[in-house]
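J.: Contents of model09.csv (CSV, C-alpha atoms):
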```csv
chain,number,residue,atom,x,y,z
A,1464,MET,CA,20.6,-47.8,-110.0
A,1465,ARG,CA,22.8,-49.7,-107.6
A,1466,ARG,CA,24.3,-48.2,-104.6
A,1467,ASN,CA,27.9,-48.7,-103.7
A,1468,MET,CA,28.1,-50.9,-100.6
A,1469,GLU,CA,31.7,-50.0,-99.8
A,1470,GLY,CA,30.8,-46.8,-97.8
A,1471,ARG,CA,28.4,-48.6,-95.5
A,1472,ARG,CA,29.6,-49.9,-92.1
A,1473,SER,CA,28.5,-53.0,-90.5
A,1474,LEU,CA,27.8,-53.6,-86.8
A,1475,LYS,CA,29.2,-57.1,-87.1
A,1476,GLY,CA,32.7,-55.9,-86.2
A,1477,LEU,CA,31.4,-54.2,-83.0
A,1478,LYS,CA,32.0,-56.0,-79.8
A,1479,PRO,CA,29.0,-56.8,-77.6
A,1480,GLU,CA,30.5,-55.1,-74.5
A,1481,VAL,CA,30.6,-51.7,-76.3
A,1482,ILE,CA,26.9,-51.3,-76.8
A,1483,PRO,CA,25.8,-51.1,-73.1
A,1484,VAL,CA,28.8,-48.9,-72.3
A,1485,ALA,CA,27.9,-46.5,-75.2
A,1486,PHE,CA,24.2,-46.6,-74.1
A,1487,PHE,CA,25.0,-45.6,-70.5
A,1488,ALA,CA,27.5,-43.0,-71.7
A,1489,LEU,CA,24.8,-41.4,-73.8
A,1490,MET,CA,22.3,-41.6,-70.9
A,1491,LEU,CA,24.9,-39.9,-68.6
A,1492,ILE,CA,25.4,-37.1,-71.1
A,1493,TYR,CA,21.7,-36.7,-71.6
A,1494,THR,CA,21.1,-36.6,-67.8
A,1495,PHE,CA,23.9,-34.0,-67.4
A,1496,TYR,CA,22.3,-31.9,-70.1
A,1497,ASN,CA,18.8,-32.1,-68.5
A,1498,LEU,CA,20.1,-31.2,-65.1
A,1499,PHE,CA,22.3,-28.3,-66.0
A,1500,LEU,CA,21.9,-27.1,-69.5
A,1501,SER,CA,18.2,-27.5,-70.5
A,1502,GLN,CA,15.5,-24.9,-70.3
A,1503,TYR,CA,14.1,-26.2,-67.0
A,1504,ASN,CA,17.4,-27.0,-65.4
A,1505,ILE,CA,17.8,-27.6,-61.6
A,1506,PHE,CA,18.7,-23.9,-61.0
A,1507,LYS,CA,15.5,-22.7,-62.8
A,1508,LEU,CA,13.4,-25.2,-60.9
A,1509,MET,CA,14.8,-23.9,-57.6
A,1510,GLU,CA,14.1,-20.3,-58.7
A,1511,LEU,CA,10.5,-21.3,-59.6
A,1512,LYS,CA,10.1,-23.0,-56.2
A,1513,ASN,CA,11.3,-19.9,-54.4
A,1514,SER,CA,9.0,-17.7,-56.4
A,1515,SER,CA,6.1,-20.0,-55.7
A,1516,LYS,CA,6.8,-19.8,-51.9
A,1517,LYS,CA,6.8,-16.0,-52.1
A,1518,LEU,CA,3.5,-15.9,-54.0
A,1519,GLU,CA,1.9,-18.3,-51.5
A,1520,GLU,CA,3.1,-16.0,-48.6
A,1521,GLN,CA,1.7,-13.0,-50.4
A,1522,LEU,CA,-1.6,-14.8,-51.1
A,1523,ALA,CA,-1.9,-15.7,-47.4
A,1524,MET,CA,-1.3,-12.1,-46.4
A,1525,GLU,CA,-3.9,-10.9,-48.9
A,1526,LYS,CA,-6.4,-13.4,-47.5
A,1527,GLU,CA,-5.8,-12.2,-44.0
A,1528,GLU,CA,-6.3,-8.6,-45.1
A,1529,ASN,CA,-9.5,-9.6,-46.9
A,1530,GLU,CA,-10.8,-11.3,-43.8
A,1531,ARG,CA,-10.0,-8.2,-41.7
A,1532,ARG,CA,-11.8,-6.0,-44.1
A,1533,GLU,CA,-14.8,-8.3,-44.3
A,1534,LYS,CA,-15.1,-8.1,-40.5
A,1535,LEU,CA,-14.8,-4.3,-40.6
A,1536,LEU,CA,-17.6,-4.2,-43.3
A,1537,GLU,CA,-19.8,-6.4,-41.0
A,1538,LEU,CA,-19.2,-4.0,-38.1
A,1539,ILE,CA,-20.0,-1.0,-40.4
A,1540,LYS,CA,-23.3,-2.6,-41.5
A,1541,ALA,CA,-24.2,-3.4,-37.9
A,1542,HIS,CA,-23.4,0.1,-36.5
A,1543,PRO,CA,-23.5,2.6,-39.4
A,1544,GLU,CA,-24.1,5.7,-37.2
A,1545,HIS,CA,-21.0,5.1,-35.1
A,1546,PHE,CA,-18.7,4.8,-38.1
A,1547,LYS,CA,-20.3,7.8,-39.8
A,1548,GLU,CA,-19.5,9.9,-36.8
A,1549,LYS,CA,-16.0,8.4,-36.4
A,1550,PHE,CA,-15.3,9.1,-40.1
A,1551,ALA,CA,-16.6,12.7,-39.8
A,1552,ARG,CA,-14.5,13.3,-36.7
A,1553,GLN,CA,-11.2,11.7,-37.9
A,1554,TYR,CA,-11.1,12.6,-41.6
A,1555,MET,CA,-13.3,15.6,-42.0
A,1556,GLN,CA,-12.4,17.1,-38.6
A,1557,LEU,CA,-16.0,17.9,-37.9
A,1558,GLN,CA,-17.3,18.5,-34.4
A,1559,LYS,CA,-20.5,18.7,-32.5
A,1560,ASP,CA,-21.9,22.0,-31.3
A,1561,GLY,CA,-20.1,23.0,-28.1
A,1562,GLU,CA,-17.1,20.8,-28.7
A,1563,TYR,CA,-13.6,22.1,-29.3
A,1564,MET,CA,-10.9,20.2,-31.2
A,1565,ILE,CA,-7.3,20.5,-30.5
A,1566,LEU,CA,-5.1,19.4,-33.4
A,1567,PHE,CA,-1.6,18.0,-32.7
A,1568,ASN,CA,1.0,17.9,-35.4
A,1569,GLU,CA,2.9,14.6,-35.1
A,1570,LYS,CA,6.5,14.5,-36.2
```
Could you rewrite the structure in this file as structure tokens?
T.:
Amino acid sequence: MRRNMEGRRSLKGLKPEVIPVAFFALMLIYTFYNLFLSQYNIFKLMELKNSSKKLEEQLAMEKEENERREKLLELIKAHPEHFKEKFARQYMQLQKDGEYMILFNEK
């Protein structure tokens, strides 16, 4: 079966100056789409960068807190009796024989 050749267009009638202009126009449109309309546009990337900074700051704070707690754990292991007595006095409000405690209500 023969196809009709009348409907086909030829590139022979196209001027050579039009091809580079058309190419750069398409690249400009594609660049605009990627910068502003795509899934990872420039605004989304800025938002991700800010989120990353916040997470890094939070991670640094958690590392500092972890180091502080590790130092406290080392102190507790080195002097367990001192911290047992401190815990009993502060949180359980216990006292030694002959001692009196005065509780203050802070407001």
J.: Could you please determine the separation between CA of Gln1553 (chain A) and CA of Glu1528 (chain A) in Å, to one decimal place?
T.: 22.1 Å
J.: What's the 10 Å shell around region 1554-1556 of chain A, counting all atoms listed in the file, without same-chain residues fewer than 6 positions away, as an NGL selection string?
T.: :A and (1548 or 1564 or 1566)
J.: CA of Lys1517 (chain A) and CA of Tyr1503 (chain A), how far apart in Å?
T.: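 Between CA of Tyr1503 (chain A) and CA of Lys1517 (chain A) the gap is 19.5 Å.
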J.: Using the structure block above, produce a file of region 1480-1531 of chain A that contains C-alpha atoms, as a PDB file, in the first residue's frame.
T.:
```pdb
ATOM      1  CA  GLU A1480      19.131  30.631  10.154  1.00  0.00           C
ATOM      2  CA  VAL A1481      15.849  29.399  11.656  1.00  0.00           C
ATOM      3  CA  ILE A1482      17.230  26.126  13.096  1.00  0.00           C
ATOM      4  CA  PRO A1483      19.676  27.668  15.639  1.00  0.00           C
ATOM      5  CA  VAL A1484      17.105  30.277  16.672  1.00  0.00           C
ATOM      6  CA  ALA A1485      14.465  27.590  17.179  1.00  0.00           C
ATOM      7  CA  PHE A1486      16.964  25.455  19.132  1.00  0.00           C
ATOM      8  CA  PHE A1487      17.904  28.319  21.475  1.00  0.00           C
ATOM      9  CA  ALA A1488      14.250  29.289  21.909  1.00  0.00           C
ATOM     10  CA  LEU A1489      13.422  25.723  22.946  1.00  0.00           C
ATOM     11  CA  MET A1490      16.397  25.633  25.326  1.00  0.00           C
ATOM     12  CA  LEU A1491      15.272  28.948  26.838  1.00  0.00           C
ATOM     13  CA  ILE A1492      11.760  27.592  27.386  1.00  0.00           C
ATOM     14  CA  TYR A1493      13.171  24.365  28.864  1.00  0.00           C
ATOM     15  CA  THR A1494      15.460  26.321  31.211  1.00  0.00           C
ATOM     16  CA  PHE A1495      12.577  28.536  32.334  1.00  0.00           C
ATOM     17  CA  TYR A1496      10.487  25.415  32.991  1.00  0.00           C
ATOM     18  CA  ASN A1497      13.246  23.789  35.054  1.00  0.00           C
ATOM     19  CA  LEU A1498      13.914  26.918  37.102  1.00  0.00           C
ATOM     20  CA  PHE A1499      10.343  27.842  37.981  1.00  0.00           C
ATOM     21  CA  LEU A1500       7.843  25.112  37.119  1.00  0.00           C
ATOM     22  CA  SER A1501       9.481  21.715  37.604  1.00  0.00           C
ATOM     23  CA  GLN A1502       9.252  19.542  40.709  1.00  0.00           C
ATOM     24  CA  TYR A1503      12.644  20.696  42.029  1.00  0.00           C
ATOM     25  CA  ASN A1504      12.395  24.342  41.075  1.00  0.00           C
ATOM     26  CA  ILE A1505      14.565  27.070  42.553  1.00  0.00           C
ATOM     27  CA  PHE A1506      12.079  27.828  45.345  1.00  0.00           C
ATOM     28  CA  LYS A1507      11.885  24.176  46.413  1.00  0.00           C
ATOM     29  CA  LEU A1508      15.681  23.967  46.427  1.00  0.00           C
ATOM     30  CA  MET A1509      15.920  27.054  48.651  1.00  0.00           C
ATOM     31  CA  GLU A1510      13.349  25.542  51.020  1.00  0.00           C
ATOM     32  CA  LEU A1511      15.308  22.277  51.157  1.00  0.00           C
ATOM     33  CA  LYS A1512      18.519  24.195  51.857  1.00  0.00           C
ATOM     34  CA  ASN A1513      16.894  26.059  54.767  1.00  0.00           C
ATOM     35  CA  SER A1514      15.508  22.803  56.140  1.00  0.00           C
ATOM     36  CA  SER A1515      18.949  21.276  55.885  1.00  0.00           C
ATOM     37  CA  LYS A1516      20.474  24.160  57.865  1.00  0.00           C
ATOM     38  CA  LYS A1517      17.835  23.789  60.591  1.00  0.00           C
ATOM     39  CA  LEU A1518      18.483  20.051  60.819  1.00  0.00           C
ATOM     40  CA  GLU A1519      22.243  20.611  61.032  1.00  0.00           C
ATOM     41  CA  GLU A1520      21.745  23.126  63.864  1.00  0.00           C
ATOM     42  CA  GLN A1521      19.468  20.711  65.689  1.00  0.00           C
ATOM     43  CA  LEU A1522      21.988  17.905  65.195  1.00  0.00           C
ATOM     44  CA  ALA A1523      24.761  20.080  66.654  1.00  0.00           C
ATOM     45  CA  MET A1524      22.597  20.893  69.690  1.00  0.00           C
ATOM     46  CA  GLU A1525      21.797  17.205  70.210  1.00  0.00           C
ATOM     47  CA  LYS A1526      25.504  16.317  69.979  1.00  0.00           C
ATOM     48  CA  GLU A1527      26.343  18.938  72.617  1.00  0.00           C
ATOM     49  CA  GLU A1528      23.579  17.619  74.877  1.00  0.00           C
ATOM     50  CA  ASN A1529      24.852  14.073  74.359  1.00  0.00           C
ATOM     51  CA  GLU A1530      28.415  15.108  75.280  1.00  0.00           C
ATOM     52  CA  ARG A1531      27.140  16.873  78.412  1.00  0.00           C
TER      53      ARG A1531
END
```
